[in-house]
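Input: a single structure, listed below in structure tokens.
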Amino acid sequence: MESKKENIEGIIQQHKVNGLYEAVFKRLFDILLSGIAIVCLSGVILVVAILVRINLGSPVVFTQKRTGKNGKIFKLYKFRSMSNEKDKDGNLLPNDKRLNKFGKTLRSTSLDELPELVNIFKGNMSIVGPRPLMVNYLKYYNARDTRRHEVSPGLTGLAQVSGRNALTWEDKFQKDVEYVDNITFLEDIKIILLTVKTIFKRKGIEFTEGHQSVMDYFKANSNRYN
């Protein structure tokens, strides 16, 4: 299983492009929208960066390898939302201990995602698409899950406006593939508008009782990728 997933670029299906928008204009739309957002939100980005430095220390921007289109690995940029607090032995405390009130606010308002605008402008990501997950999850994907990498990952996506953390991971992966098969300009606009509405209403942001992490989901459903 490990060797198979090491060459994920070789097992991703040939994606069937759905029209001129996906073939040409989606990328132009990403460049235009992310460029405008970077300029218009530069003041907000600067203020958030200063607050992160004061409340959580440095580095202000957190980078992590994620899986992109066709299985290519890229560095995702986010504002850090956890401190570097360590125990008496010098080991980092568990994530929930390092996520303070300020960090929770960053995540709940999605302000920690602002640096991803640079990823979009560079071409690593799209405004709309399946959210990019960590590289170490690749070995757990089944054939359906792998299809989410046929397109560029997104800042937001169909799963995020369909319930966000209220959805199960099974539902999220299904929504990702549903988006991959139905990319249109109107669908992207609809998802963007619903994303803005979701953020302001804070709907689906809080974890529901019994919510699984993606790794817990994979472990509980190990037979799905055998």
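Naming works like this for the structure tokens: A, B, ... for the chains as they're shown, residue 1 at the start of each chain, ligands 1 onward in shown order.
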Could you give me, as a Markdown table, a per-residue list for range 107-144 of chain A showing, wherever an atom lies at most 9 Å from an atom of range 188-192 of chain A, the closest pair of atoms and their distance in Å to one decimal, using only C-alpha atoms and sorting by chain then residue number from low to high?
| residue | atom | partner | partner_atom | distance |
| --- | --- | --- | --- | --- |
| A:Ile127 | CA | A:Ile192 | CA | 8.1 |
| A:Val128 | CA | A:Asp188 | CA | 6.2 |
| A:Gly129 | CA | A:Asp188 | CA | 8.7 |
*Check chain A with DSSP on the backbone and list each residue it calls strand (DSSP E or B), as a PyMOL selection string.*
chain A and resi 61-67+73-79+86+92+126-128+134+154-156
Take the residues that were just selected and, keeping C-alpha atoms, output them as a PDB file, in the first residue's frame.
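out.pdb, freshly written:
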ATOM      1  CA  VAL A  61       3.223  32.356   8.969  1.00  0.00           C
ATOM      2  CA  PHE A  62       2.953  28.598   9.339  1.00  0.00           C
ATOM      3  CA  THR A  63       3.920  26.414   6.370  1.00  0.00           C
ATOM      4  CA  GLN A  64       3.043  22.784   5.833  1.00  0.00           C
ATOM      5  CA  LYS A  65       3.319  20.351   2.933  1.00  0.00           C
ATOM      6  CA  ARG A  66      -0.048  19.555   1.363  1.00  0.00           C
ATOM      7  CA  THR A  67      -1.151  17.553  -1.663  1.00  0.00           C
ATOM      8  CA  ILE A  73       3.196  18.456  -3.142  1.00  0.00           C
ATOM      9  CA  PHE A  74       3.280  22.161  -2.303  1.00  0.00           C
ATOM     10  CA  LYS A  75       3.809  24.372   0.754  1.00  0.00           C
ATOM     11  CA  LEU A  76       0.577  25.743   2.189  1.00  0.00           C
ATOM     12  CA  TYR A  77       0.756  29.147   3.912  1.00  0.00           C
ATOM     13  CA  LYS A  78      -1.391  29.937   6.958  1.00  0.00           C
ATOM     14  CA  PHE A  79      -1.196  32.252   9.925  1.00  0.00           C
ATOM     15  CA  LYS A  86       6.481  22.921  25.746  1.00  0.00           C
ATOM     16  CA  LEU A  92       5.581  20.473  22.485  1.00  0.00           C
ATOM     17  CA  SER A 126      -7.738  27.733  -6.551  1.00  0.00           C
ATOM     18  CA  ILE A 127     -10.371  29.917  -4.908  1.00  0.00           C
ATOM     19  CA  VAL A 128     -12.784  26.971  -5.047  1.00  0.00           C
ATOM     20  CA  MET A 134      -1.726  16.666   4.667  1.00  0.00           C
ATOM     21  CA  GLY A 154      -9.301  25.311  -2.899  1.00  0.00           C
ATOM     22  CA  LEU A 155      -9.498  27.999  -0.252  1.00  0.00           C
ATOM     23  CA  THR A 156     -13.121  26.939   0.063  1.00  0.00           C
TER      24      THR A 156
END
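Note that CA of Leu32 in chain A and CA of Leu117 in chain A are 11.0 Å apart.
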_Given only C-alpha atoms as the counted atoms, nearest of A:Glu178, A:Phe173, A:Gly123, A:Arg144 to Phe29 in chain A_ = A:Gly123
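The closest residue to Val24 in chain A, picked from A:Asn95, A:Glu113, A:Asn100, A:Thr184 and counting only C-alpha atoms, is A:Thr184.
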*asked:* I'd like the neighbourhood of Leu46 in chain A as a VMD selection string, where a residue qualifies if any of its atoms comes within 12 Å (using only C-alpha atoms), though same-chain residues fewer than 6 positions away should be ignored.
replied: chain A and resid 38 to 40 52 to 53 60 to 61 79 111 114 to 115
Store the residues of this selection in a file with C-alpha atoms, as a PDB file, in the first residue's frame.
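Output file selection.pdb follows:
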ATOM      1  CA  ILE A  38      -4.332  40.578  -1.452  1.00  0.00           C
ATOM      2  CA  VAL A  39      -4.326  44.313  -2.254  1.00  0.00           C
ATOM      3  CA  CYS A  40      -7.683  45.130  -0.653  1.00  0.00           C
ATOM      4  CA  VAL A  52      -0.231  36.703  15.774  1.00  0.00           C
ATOM      5  CA  ARG A  53       3.303  37.848  16.611  1.00  0.00           C
ATOM      6  CA  VAL A  60       3.930  34.404  12.090  1.00  0.00           C
ATOM      7  CA  VAL A  61       3.223  32.356   8.969  1.00  0.00           C
ATOM      8  CA  PHE A  79      -1.196  32.252   9.925  1.00  0.00           C
ATOM      9  CA  LEU A 111      -8.512  34.720   9.261  1.00  0.00           C
ATOM     10  CA  LEU A 114      -5.600  34.618   4.487  1.00  0.00           C
ATOM     11  CA  PRO A 115      -1.990  33.716   3.485  1.00  0.00           C
TER      12      PRO A 115
END
*Which residue gives the smallest distance to Asp30 in chain A among A:Pro94, A:Pro132, A:Pro153, A:Gly163, with only C-alpha atoms counted?*
A:Pro153
*Per-residue DSSP, range 21-70 of chain A, filtered to helix (DSSP H, G or I), as a PyMOL selection string*: chain A and resi 21-40+42-56+69-70
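Using only C-alpha atoms, the nearest neighbour of Pro59 in chain A within the list A:Thr168, A:Ser42, A:Ser83, A:Gln174 is A:Ser83.
In terms of minimum interatomic distance to Leu186 in chain A, A:Lys26 ranks closest within A:Lys97, A:Arg107, A:Leu33, A:Lys26, counting only C-alpha atoms.
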*One decimal, Å: what's the distance from CA of Arg147 in chain A over to CA of Asn119 in chain A, could you say?*
21.0 Å
*asked:* Report, in Å with one decimal, the straight-line distance from CA of Lys219 in chain A to CA of Val161 in chain A.
replied: 25.9 Å
*Which residue out of A:Tyr179, A:Phe102, A:Trp169, A:Phe185 has the minimum interatomic distance to Tyr21 in chain A when only C-alpha atoms are used?*
A:Phe185
Compile the contact shell of Glu150 in chain A as a PDB file with C-alpha atoms, in the first residue's frame: residues with an atom at most 6 Å away, counting only C-alpha atoms, same-chain residues fewer than 3 positions apart removed.
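Output saved as selection-v9.pdb:
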ATOM      1  CA  HIS A  15      -9.679  14.446 -15.489  1.00  0.00           C
ATOM      2  CA  LYS A  69      -3.432  18.917  -8.236  1.00  0.00           C
ATOM      3  CA  ASN A  70      -2.282  15.620  -9.763  1.00  0.00           C
ATOM      4  CA  ARG A 147     -10.127  11.792  -7.396  1.00  0.00           C
TER       5      ARG A 147
END
